[in-house]
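Asker: There's a structure below that I have some questions on.
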Amino acid sequence: MSARVPLGYFWGARRAAARVLYPAAVVLAAGCAVSWAAPAPEPAQVSVDAREAPRGILKAHLRLPVTPGPLTLLYPKWIPGRHSPAGPITSLAGPRLSAAGVPLAWRRDALEPYAFHVDVPAGVSVLEADLEVLTAPAPDGVVQGLEAPRYATESLALVEWPQVLLYPAGVPTDALSYQASVRLPAGWHYASALPALAGSSTTGAAGVSAGEDVRFAPVSLTTLGDSTLLAGRYWRSLDLGGSPAVTLQIAADRPALLDMSAATQEHYRRLVQEATALFGATHYARYQFLWILTDQIMPDGIEHHESSDNRSPARALVDDNIRRAEANLLAHEYTHSWNGKFRRPVGLATPDYEIPMRGELLWVYEGLTEYLGDVLAARSGLLTQEEFRDEIARIAAQMDVHTGRGWRSLQDSVDAAPLLYYQDHNWAARLRRQDDFYQESALLWLEADTLIRQRSRGKRSLDDFCRRFHGAPSTSPQVQPYDFDAVVAALNAVEPYDWRAFWNERLQRLRAGAPLEGIRAAGWRFAYTDIPSIMHTAHEVEDHVLNLQYSLGFVVSLDGGGLSDVVPGSPADQAGMAPGSHLVAINGHKWSADVMHEALTSEAPAQKSLHLLVEKDDEYRTLDLPYGGGERYPNLLRDAGEDLLGVIGKPLAGGR
Ligand SMILES: [Zn+2]
């Protein structure tokens, strides 16, 4: 079934049903009449001025069609793709409300800080609202458990429309029509999945002129919120082929960062071919990868139905290590067009931005996507077969040291996802850090894939599940919600098995150590060796760290020696090390990556211990780490049986 309501849908007809669906906590607004003009005569207008985005100010002017009486306006709170109440309300200056030039008083709801109550005076049909969203000054955009957006640098900007608008309570976002426009710094380029207004361009590859308003066609609020706009000074567009067409739109902080090799361009074209071969159908009218390359905004990826908002470190195209570390990002976000946007867990398919989301099936939404992102990266050549195996080893190793899996089940990690996304990375191993349900679920989907392949003697695989669950017929963007039973039924239709018990056991169990069954079934053995894998090194370079979790039991920053996380039971844990300390010296020598490697390879095996001088809370301490091993890194070693990872990573689309 489609959760989308056609444009111009008369909201009044749906209100009775909507009240039944809405949990009590969010009906606060439904108690008073909704003074939104009906039946949708004019779209609401949101005009964004992004000319000051580089200095951290995004301005919006709204014209909202209303009828007189009490009205509750909401600032978007639960943002699709973020699975959490991520609407950046602490960065919001406003609203300033007015009608016909006369300011209107409003009052924030006593229980819901995202709701504003106002009385629309008699005779007023348009309410005007002015908002500003003020940027976080640092790339690490999480402040006191609330997301603080960092959406722009001096040379690029992202406009996430839900950050810059208000909408009336009690009306599904499918039933609201908005027309958006944006004013950009002169000469900047732009792209968005939004349809252009008749006569204007859909993408600003040529650059906008000073004072020009870029205007888009009216769409539902659902579609607007799902159509982030990217703008930037230094720009590159690349046609990736496909039918419907897929385009790559890149903005970077410096022109030299846009220098993508011919091989990488070809790999992204193959990504489109491999994804469409995997699913056998598409659910977009056209698709745009929006990609920023900057060190000023936290790396991230936010999926949309007809686009994705990809955020990578500045040198992701020109540094081979960072390119490898980012190789599955676009593959992951593209997969979401099928798994997450088209097929969506019922608890995440909410009718507006106010209804809380339930993350109970994120092990499908994110876990399967994480697995397919790596598989598609391998099939398209973005990762070599060896790098694909390294990546599997890396995520298995993360699960291996996350001893928090002994108290927090996979089910609890996804149930608690709205909190975990804001969790600090310190103490990650004890807590289970924010995103480790992605990785654990990916290993379990590998296990499911190998199980189907072995039981069907190679005739069927998880590819068949993807075609059945996410594929034909091709459609325009729409949402088909599913529940646990639907996942079990689709797996059973591919390969009869007790999939309900399979998943229930894995979702509920408390078990130390990584789930390695899928790796073993694929003909490989997880082991620690003294050689860092290509992908281990790639991620160390990307993160500016030395990752010693598997030997000494901590991660140390190359920028200042800050120590994050301490693996329970590790030598660092036994010596009483705490996250937040800074490493000063090793065995009496000033700390550096080289000194650390020398100590691990020669001094530790000889002395059976290492002496670290650390600083914490302005005090210095020497910690004696009981460790006699050398370097220790996760790898996959070939074992008995068929090499199923090799089979899984082989391209479907041909042409290689
Ligand atoms: Zn995702």
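Residues in the structure tokens are named by chain (A, B, ... in the order shown) and by number from 1 within that chain; ligands are numbered from 1 in the order shown.
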When the cut-off is 8 Å and you count only C-alpha atoms and all ligand atoms, which residues lie near ligand 1, shown as a PyMOL selection string?
Answerer: chain A and resi 81+301-303+332-333+336+365-366+369-370
Asker: Can you list, as a PDB file with all heavy atoms, in the first residue's frame, every protein, DNA or RNA residue that comes within 9 Å of segment 99-112 of chain A when you count only C-alpha atoms, leaving out same-chain residues fewer than 2 positions away?
Answerer:
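Written out: part-v5.pdb:
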```pdb
ATOM      1  N   ALA A  25       0.496  11.296  23.118  1.00  0.00           N
ATOM      2  CA  ALA A  25       1.505  12.314  23.394  1.00  0.00           C
ATOM      3  C   ALA A  25       1.558  13.397  22.329  1.00  0.00           C
ATOM      4  O   ALA A  25       2.047  14.485  22.571  1.00  0.00           O
ATOM      5  CB  ALA A  25       2.881  11.663  23.503  1.00  0.00           C
ATOM      6  N   VAL A  26       1.089  13.090  21.148  1.00  0.00           N
ATOM      7  CA  VAL A  26       1.234  14.069  20.078  1.00  0.00           C
ATOM      8  C   VAL A  26      -0.083  14.666  19.638  1.00  0.00           C
ATOM      9  O   VAL A  26      -0.136  15.410  18.678  1.00  0.00           O
ATOM     10  CB  VAL A  26       1.939  13.457  18.856  1.00  0.00           C
ATOM     11  CG1 VAL A  26       3.393  13.262  19.146  1.00  0.00           C
ATOM     12  CG2 VAL A  26       1.282  12.166  18.463  1.00  0.00           C
ATOM     13  N   LEU A  28      -1.553  16.727  21.296  1.00  0.00           N
ATOM     14  CA  LEU A  28      -1.663  17.990  22.005  1.00  0.00           C
ATOM     15  C   LEU A  28      -2.258  19.063  21.109  1.00  0.00           C
ATOM     16  O   LEU A  28      -3.018  19.898  21.561  1.00  0.00           O
ATOM     17  CB  LEU A  28      -0.274  18.443  22.481  1.00  0.00           C
ATOM     18  CG  LEU A  28       0.764  18.677  21.372  1.00  0.00           C
ATOM     19  CD1 LEU A  28       0.953  20.157  21.152  1.00  0.00           C
ATOM     20  CD2 LEU A  28       2.066  18.015  21.702  1.00  0.00           C
ATOM     21  N   ALA A  29      -1.910  19.000  19.835  1.00  0.00           N
ATOM     22  CA  ALA A  29      -2.383  20.041  18.939  1.00  0.00           C
ATOM     23  C   ALA A  29      -3.760  19.734  18.388  1.00  0.00           C
ATOM     24  O   ALA A  29      -4.493  20.634  17.997  1.00  0.00           O
ATOM     25  CB  ALA A  29      -1.417  20.197  17.782  1.00  0.00           C
ATOM     26  N   THR A  72      -1.908  25.525  15.738  1.00  0.00           N
ATOM     27  CA  THR A  72      -0.649  25.036  16.299  1.00  0.00           C
ATOM     28  C   THR A  72       0.310  24.746  15.154  1.00  0.00           C
ATOM     29  O   THR A  72      -0.005  23.956  14.266  1.00  0.00           O
ATOM     30  CB  THR A  72      -0.870  23.761  17.139  1.00  0.00           C
ATOM     31  OG1 THR A  72      -1.759  24.083  18.211  1.00  0.00           O
ATOM     32  CG2 THR A  72       0.446  23.257  17.709  1.00  0.00           C
ATOM     33  N   PRO A  95      10.099  31.252  15.820  1.00  0.00           N
ATOM     34  CA  PRO A  95       9.603  32.059  14.699  1.00  0.00           C
ATOM     35  C   PRO A  95       9.221  33.496  15.113  1.00  0.00           C
ATOM     36  O   PRO A  95       8.924  33.753  16.271  1.00  0.00           O
ATOM     37  CB  PRO A  95       8.346  31.296  14.287  1.00  0.00           C
ATOM     38  CG  PRO A  95       7.839  30.682  15.569  1.00  0.00           C
ATOM     39  CD  PRO A  95       9.072  30.339  16.360  1.00  0.00           C
ATOM     40  N   ARG A  96       9.266  34.373  14.115  1.00  0.00           N
ATOM     41  CA  ARG A  96       8.598  35.663  14.233  1.00  0.00           C
ATOM     42  C   ARG A  96       7.379  35.563  13.340  1.00  0.00           C
ATOM     43  O   ARG A  96       7.506  35.357  12.132  1.00  0.00           O
ATOM     44  CB  ARG A  96       9.522  36.799  13.783  1.00  0.00           C
ATOM     45  CG  ARG A  96      10.657  37.078  14.755  1.00  0.00           C
ATOM     46  CD  ARG A  96      11.435  38.344  14.378  1.00  0.00           C
ATOM     47  NE  ARG A  96      12.099  38.184  13.098  1.00  0.00           N
ATOM     48  CZ  ARG A  96      13.287  37.597  12.934  1.00  0.00           C
ATOM     49  NH1 ARG A  96      13.920  37.108  13.986  1.00  0.00           N
ATOM     50  NH2 ARG A  96      13.835  37.482  11.744  1.00  0.00           N
ATOM     51  N   LEU A  97       6.191  35.663  13.942  1.00  0.00           N
ATOM     52  CA  LEU A  97       4.951  35.483  13.187  1.00  0.00           C
ATOM     53  C   LEU A  97       4.296  36.833  12.952  1.00  0.00           C
ATOM     54  O   LEU A  97       4.348  37.729  13.806  1.00  0.00           O
ATOM     55  CB  LEU A  97       3.975  34.574  13.962  1.00  0.00           C
ATOM     56  CG  LEU A  97       4.462  33.157  14.289  1.00  0.00           C
ATOM     57  CD1 LEU A  97       3.372  32.378  15.032  1.00  0.00           C
ATOM     58  CD2 LEU A  97       4.869  32.397  13.023  1.00  0.00           C
ATOM     59  N   TYR A 114       8.603  21.728  20.440  1.00  0.00           N
ATOM     60  CA  TYR A 114       8.597  21.917  18.985  1.00  0.00           C
ATOM     61  C   TYR A 114       7.265  22.501  18.490  1.00  0.00           C
ATOM     62  O   TYR A 114       7.086  22.660  17.288  1.00  0.00           O
ATOM     63  CB  TYR A 114       8.855  20.587  18.271  1.00  0.00           C
ATOM     64  CG  TYR A 114      10.292  20.111  18.315  1.00  0.00           C
ATOM     65  CD1 TYR A 114      10.852  19.612  19.500  1.00  0.00           C
ATOM     66  CD2 TYR A 114      11.098  20.147  17.182  1.00  0.00           C
ATOM     67  CE1 TYR A 114      12.160  19.169  19.539  1.00  0.00           C
ATOM     68  CE2 TYR A 114      12.412  19.704  17.210  1.00  0.00           C
ATOM     69  CZ  TYR A 114      12.937  19.215  18.388  1.00  0.00           C
ATOM     70  OH  TYR A 114      14.247  18.774  18.421  1.00  0.00           O
ATOM     71  N   ALA A 115       6.310  22.798  19.409  1.00  0.00           N
ATOM     72  CA  ALA A 115       4.980  23.264  19.001  1.00  0.00           C
ATOM     73  C   ALA A 115       4.754  24.707  19.443  1.00  0.00           C
ATOM     74  O   ALA A 115       5.111  25.093  20.564  1.00  0.00           O
ATOM     75  CB  ALA A 115       3.909  22.363  19.611  1.00  0.00           C
ATOM     76  N   PHE A 116       4.175  25.502  18.554  1.00  0.00           N
ATOM     77  CA  PHE A 116       3.900  26.918  18.825  1.00  0.00           C
ATOM     78  C   PHE A 116       2.418  27.183  18.615  1.00  0.00           C
ATOM     79  O   PHE A 116       1.893  26.905  17.536  1.00  0.00           O
ATOM     80  CB  PHE A 116       4.727  27.808  17.884  1.00  0.00           C
ATOM     81  CG  PHE A 116       6.201  27.522  17.923  1.00  0.00           C
ATOM     82  CD1 PHE A 116       6.774  26.623  17.031  1.00  0.00           C
ATOM     83  CD2 PHE A 116       7.019  28.125  18.879  1.00  0.00           C
ATOM     84  CE1 PHE A 116       8.135  26.341  17.076  1.00  0.00           C
ATOM     85  CE2 PHE A 116       8.381  27.847  18.926  1.00  0.00           C
ATOM     86  CZ  PHE A 116       8.940  26.960  18.022  1.00  0.00           C
ATOM     87  N   HIS A 117       1.750  27.720  19.629  1.00  0.00           N
ATOM     88  CA  HIS A 117       0.317  28.015  19.546  1.00  0.00           C
ATOM     89  C   HIS A 117       0.124  29.490  19.211  1.00  0.00           C
ATOM     90  O   HIS A 117       0.781  30.360  19.786  1.00  0.00           O
ATOM     91  CB  HIS A 117      -0.382  27.703  20.873  1.00  0.00           C
ATOM     92  CG  HIS A 117      -0.218  26.283  21.311  1.00  0.00           C
ATOM     93  ND1 HIS A 117      -0.737  25.212  20.612  1.00  0.00           N
ATOM     94  CD2 HIS A 117       0.419  25.753  22.387  1.00  0.00           C
ATOM     95  CE1 HIS A 117      -0.432  24.084  21.234  1.00  0.00           C
ATOM     96  NE2 HIS A 117       0.273  24.390  22.315  1.00  0.00           N
ATOM     97  N   VAL A 118      -0.809  29.751  18.300  1.00  0.00           N
ATOM     98  CA  VAL A 118      -1.088  31.130  17.902  1.00  0.00           C
ATOM     99  C   VAL A 118      -2.576  31.243  17.587  1.00  0.00           C
ATOM    100  O   VAL A 118      -3.201  30.263  17.159  1.00  0.00           O
ATOM    101  CB  VAL A 118      -0.214  31.539  16.691  1.00  0.00           C
ATOM    102  CG1 VAL A 118      -0.467  30.643  15.489  1.00  0.00           C
ATOM    103  CG2 VAL A 118      -0.413  33.002  16.319  1.00  0.00           C
ATOM    104  N   ASP A 119      -3.152  32.414  17.811  1.00  0.00           N
ATOM    105  CA  ASP A 119      -4.535  32.684  17.394  1.00  0.00           C
ATOM    106  C   ASP A 119      -4.500  33.490  16.111  1.00  0.00           C
ATOM    107  O   ASP A 119      -3.964  34.603  16.089  1.00  0.00           O
ATOM    108  CB  ASP A 119      -5.289  33.455  18.481  1.00  0.00           C
ATOM    109  CG  ASP A 119      -5.949  32.516  19.470  1.00  0.00           C
ATOM    110  OD1 ASP A 119      -6.596  31.542  19.006  1.00  0.00           O
ATOM    111  OD2 ASP A 119      -5.788  32.736  20.686  1.00  0.00           O
ATOM    112  N   VAL A 120      -5.054  32.940  15.056  1.00  0.00           N
ATOM    113  CA  VAL A 120      -5.085  33.656  13.783  1.00  0.00           C
ATOM    114  C   VAL A 120      -6.281  34.610  13.808  1.00  0.00           C
ATOM    115  O   VAL A 120      -7.426  34.170  13.991  1.00  0.00           O
ATOM    116  CB  VAL A 120      -5.211  32.670  12.604  1.00  0.00           C
ATOM    117  CG1 VAL A 120      -5.278  33.425  11.283  1.00  0.00           C
ATOM    118  CG2 VAL A 120      -4.052  31.689  12.608  1.00  0.00           C
ATOM    119  N   PRO A 121      -6.026  35.926  13.666  1.00  0.00           N
ATOM    120  CA  PRO A 121      -7.133  36.894  13.775  1.00  0.00           C
ATOM    121  C   PRO A 121      -8.147  36.743  12.634  1.00  0.00           C
ATOM    122  O   PRO A 121      -7.830  36.201  11.569  1.00  0.00           O
ATOM    123  CB  PRO A 121      -6.416  38.251  13.670  1.00  0.00           C
ATOM    124  CG  PRO A 121      -4.974  37.978  13.893  1.00  0.00           C
ATOM    125  CD  PRO A 121      -4.732  36.582  13.456  1.00  0.00           C
ATOM    126  N   VAL A 124      -7.784  37.025   8.398  1.00  0.00           N
ATOM    127  CA  VAL A 124      -6.421  36.696   7.951  1.00  0.00           C
ATOM    128  C   VAL A 124      -6.424  35.373   7.183  1.00  0.00           C
ATOM    129  O   VAL A 124      -6.965  34.377   7.661  1.00  0.00           O
ATOM    130  CB  VAL A 124      -5.463  36.616   9.162  1.00  0.00           C
ATOM    131  CG1 VAL A 124      -4.135  35.993   8.770  1.00  0.00           C
ATOM    132  CG2 VAL A 124      -5.258  38.002   9.753  1.00  0.00           C
ATOM    133  N   SER A 125      -5.842  35.354   5.990  1.00  0.00           N
ATOM    134  CA  SER A 125      -5.766  34.116   5.202  1.00  0.00           C
ATOM    135  C   SER A 125      -4.325  33.671   4.959  1.00  0.00           C
ATOM    136  O   SER A 125      -4.090  32.568   4.495  1.00  0.00           O
ATOM    137  CB  SER A 125      -6.473  34.301   3.851  1.00  0.00           C
ATOM    138  OG  SER A 125      -5.835  35.337   3.130  1.00  0.00           O
ATOM    139  N   VAL A 126      -3.369  34.551   5.266  1.00  0.00           N
ATOM    140  CA  VAL A 126      -1.958  34.173   5.106  1.00  0.00           C
ATOM    141  C   VAL A 126      -1.194  34.580   6.362  1.00  0.00           C
ATOM    142  O   VAL A 126      -1.239  35.740   6.784  1.00  0.00           O
ATOM    143  CB  VAL A 126      -1.322  34.857   3.879  1.00  0.00           C
ATOM    144  CG1 VAL A 126       0.182  34.579   3.841  1.00  0.00           C
ATOM    145  CG2 VAL A 126      -1.977  34.373   2.598  1.00  0.00           C
ATOM    146  N   LEU A 127      -0.523  33.604   6.954  1.00  0.00           N
ATOM    147  CA  LEU A 127       0.330  33.866   8.111  1.00  0.00           C
ATOM    148  C   LEU A 127       1.777  33.877   7.618  1.00  0.00           C
ATOM    149  O   LEU A 127       2.182  32.989   6.868  1.00  0.00           O
ATOM    150  CB  LEU A 127       0.128  32.752   9.138  1.00  0.00           C
ATOM    151  CG  LEU A 127       0.847  32.900  10.468  1.00  0.00           C
ATOM    152  CD1 LEU A 127       0.263  34.055  11.265  1.00  0.00           C
ATOM    153  CD2 LEU A 127       0.691  31.609  11.269  1.00  0.00           C
ATOM    154  N   GLU A 128       2.521  34.892   8.016  1.00  0.00           N
ATOM    155  CA  GLU A 128       3.924  34.948   7.606  1.00  0.00           C
ATOM    156  C   GLU A 128       4.809  34.586   8.796  1.00  0.00           C
ATOM    157  O   GLU A 128       4.509  34.945   9.943  1.00  0.00           O
ATOM    158  CB  GLU A 128       4.265  36.347   7.099  1.00  0.00           C
ATOM    159  CG  GLU A 128       3.265  36.782   6.032  1.00  0.00           C
ATOM    160  CD  GLU A 128       3.852  37.718   5.004  1.00  0.00           C
ATOM    161  OE1 GLU A 128       5.043  37.577   4.677  1.00  0.00           O
ATOM    162  OE2 GLU A 128       3.104  38.582   4.533  1.00  0.00           O
ATOM    163  N   ALA A 129       5.864  33.862   8.520  1.00  0.00           N
ATOM    164  CA  ALA A 129       6.776  33.444   9.592  1.00  0.00           C
ATOM    165  C   ALA A 129       8.206  33.619   9.115  1.00  0.00           C
ATOM    166  O   ALA A 129       8.528  33.295   7.972  1.00  0.00           O
ATOM    167  CB  ALA A 129       6.522  31.991   9.973  1.00  0.00           C
TER     168      ALA A 129
END
```
Asker: Taking only segment 207-256 of chain A into account, list the residues labelled strand (DSSP E) by DSSP (computed from the backbone), as a list of chain:residue names.
Answerer: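 The strand (DSSP E) subset of segment 207-256 of chain A is A:Asp213, A:Val214, A:Arg215, A:Val219, A:Ser220, A:Leu229, A:Leu230, A:Ala231, A:Gly232, A:Tyr234, A:Trp235, A:Arg236, A:Ser237, A:Leu238, A:Asp239, A:Val246, A:Thr247, A:Leu248, A:Gln249, A:Ile250, A:Ala251, A:Ala252.
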Asker: Residues of segment 327-494 of chain A classed as helix (DSSP H, G or I) by DSSP on the backbone are to be reported as an MDAnalysis selection string.
Answerer: chainID A and resid 329:335 346:348 362:365 367:380 385:401 403:406 410:415 417:420 428:431 436:455 462:470 484:494
Asker: I'd like to know which of A:Ala251, A:Ala416, A:Ala331, A:Leu361 is closest to Ala314 of chain A, using only C-alpha atoms.
Answerer: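 For Ala314 of chain A, the nearest of the given residues is A:Ala251.
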Asker: If we count only C-alpha atoms, what is near Arg254 of chain A at a cut-off of 12 Å, once residues fewer than 4 positions away on the same chain are taken out, given as a ChimeraX atom specification?
Answerer: /A:153-156,232-236,250,258-259,292-295,314-315,318
Asker: Please provide the set of residues having any atom within 10 Å of segment 501-506 of chain A, restricted to only C-alpha atoms, with same-chain residues fewer than 4 positions apart removed, written as a PyMOL selection string.
Answerer: chain A and resi 363+409-411+440-441+444-445+448+484+487-488+497+510-511+515
Asker: Restricted to N, CA, C and O atoms, what would the selected residues look like written as a PDB file, in the first residue's frame?
Answerer:
```pdb
ATOM      1  N   TRP A 363      17.422  -3.162  12.173  1.00  0.00           N
ATOM      2  CA  TRP A 363      18.371  -4.214  11.754  1.00  0.00           C
ATOM      3  C   TRP A 363      18.098  -4.633  10.310  1.00  0.00           C
ATOM      4  O   TRP A 363      18.969  -5.195   9.657  1.00  0.00           O
ATOM      5  N   SER A 409      21.232  -6.405  23.978  1.00  0.00           N
ATOM      6  CA  SER A 409      20.953  -7.226  22.798  1.00  0.00           C
ATOM      7  C   SER A 409      20.901  -6.348  21.554  1.00  0.00           C
ATOM      8  O   SER A 409      20.776  -5.126  21.637  1.00  0.00           O
ATOM      9  N   LEU A 410      20.954  -7.007  20.403  1.00  0.00           N
ATOM     10  CA  LEU A 410      20.788  -6.280  19.145  1.00  0.00           C
ATOM     11  C   LEU A 410      19.416  -5.604  19.124  1.00  0.00           C
ATOM     12  O   LEU A 410      19.287  -4.460  18.689  1.00  0.00           O
ATOM     13  N   GLN A 411      18.396  -6.307  19.622  1.00  0.00           N
ATOM     14  CA  GLN A 411      17.059  -5.708  19.633  1.00  0.00           C
ATOM     15  C   GLN A 411      17.058  -4.428  20.468  1.00  0.00           C
ATOM     16  O   GLN A 411      16.469  -3.424  20.075  1.00  0.00           O
ATOM     17  N   GLU A 440      26.668  -5.261  13.367  1.00  0.00           N
ATOM     18  CA  GLU A 440      26.256  -6.596  13.808  1.00  0.00           C
ATOM     19  C   GLU A 440      25.202  -7.156  12.853  1.00  0.00           C
ATOM     20  O   GLU A 440      25.257  -8.314  12.451  1.00  0.00           O
ATOM     21  N   SER A 441      24.231  -6.307  12.477  1.00  0.00           N
ATOM     22  CA  SER A 441      23.178  -6.784  11.564  1.00  0.00           C
ATOM     23  C   SER A 441      23.768  -7.174  10.215  1.00  0.00           C
ATOM     24  O   SER A 441      23.332  -8.148   9.592  1.00  0.00           O
ATOM     25  N   LEU A 444      24.978 -10.562  10.335  1.00  0.00           N
ATOM     26  CA  LEU A 444      23.873 -11.526  10.383  1.00  0.00           C
ATOM     27  C   LEU A 444      23.224 -11.687   9.009  1.00  0.00           C
ATOM     28  O   LEU A 444      22.783 -12.777   8.644  1.00  0.00           O
ATOM     29  N   TRP A 445      23.156 -10.602   8.229  1.00  0.00           N
ATOM     30  CA  TRP A 445      22.619 -10.724   6.861  1.00  0.00           C
ATOM     31  C   TRP A 445      23.579 -11.526   5.985  1.00  0.00           C
ATOM     32  O   TRP A 445      23.143 -12.259   5.091  1.00  0.00           O
ATOM     33  N   ALA A 448      22.693 -15.003   6.816  1.00  0.00           N
ATOM     34  CA  ALA A 448      21.449 -15.386   6.129  1.00  0.00           C
ATOM     35  C   ALA A 448      21.717 -15.662   4.649  1.00  0.00           C
ATOM     36  O   ALA A 448      21.192 -16.622   4.070  1.00  0.00           O
ATOM     37  N   PHE A 484       7.795  -7.318  10.894  1.00  0.00           N
ATOM     38  CA  PHE A 484       8.681  -8.480  11.077  1.00  0.00           C
ATOM     39  C   PHE A 484       8.154  -9.681  10.293  1.00  0.00           C
ATOM     40  O   PHE A 484       8.921 -10.384   9.623  1.00  0.00           O
ATOM     41  N   VAL A 487       9.052  -9.703   6.640  1.00  0.00           N
ATOM     42  CA  VAL A 487      10.452 -10.058   6.370  1.00  0.00           C
ATOM     43  C   VAL A 487      10.609 -11.574   6.406  1.00  0.00           C
ATOM     44  O   VAL A 487      11.210 -12.193   5.513  1.00  0.00           O
ATOM     45  N   VAL A 488      10.024 -12.190   7.448  1.00  0.00           N
ATOM     46  CA  VAL A 488      10.089 -13.650   7.589  1.00  0.00           C
ATOM     47  C   VAL A 488       9.426 -14.331   6.386  1.00  0.00           C
ATOM     48  O   VAL A 488       9.979 -15.276   5.805  1.00  0.00           O
ATOM     49  N   TYR A 497      12.710 -22.039   5.625  1.00  0.00           N
ATOM     50  CA  TYR A 497      13.585 -22.216   6.793  1.00  0.00           C
ATOM     51  C   TYR A 497      12.869 -21.554   7.954  1.00  0.00           C
ATOM     52  O   TYR A 497      11.963 -20.752   7.756  1.00  0.00           O
ATOM     53  N   LEU A 510      22.367 -12.504  24.283  1.00  0.00           N
ATOM     54  CA  LEU A 510      23.455 -11.732  24.872  1.00  0.00           C
ATOM     55  C   LEU A 510      24.680 -12.621  24.775  1.00  0.00           C
ATOM     56  O   LEU A 510      24.746 -13.664  25.411  1.00  0.00           O
ATOM     57  N   ARG A 511      25.643 -12.228  23.954  1.00  0.00           N
ATOM     58  CA  ARG A 511      26.762 -13.126  23.709  1.00  0.00           C
ATOM     59  C   ARG A 511      28.008 -12.306  23.418  1.00  0.00           C
ATOM     60  O   ARG A 511      27.993 -11.433  22.557  1.00  0.00           O
ATOM     61  N   PRO A 515      29.596 -12.222  15.998  1.00  0.00           N
ATOM     62  CA  PRO A 515      28.901 -13.309  15.308  1.00  0.00           C
ATOM     63  C   PRO A 515      29.655 -13.664  14.022  1.00  0.00           C
ATOM     64  O   PRO A 515      29.572 -12.951  13.035  1.00  0.00           O
TER      65      PRO A 515
END
```
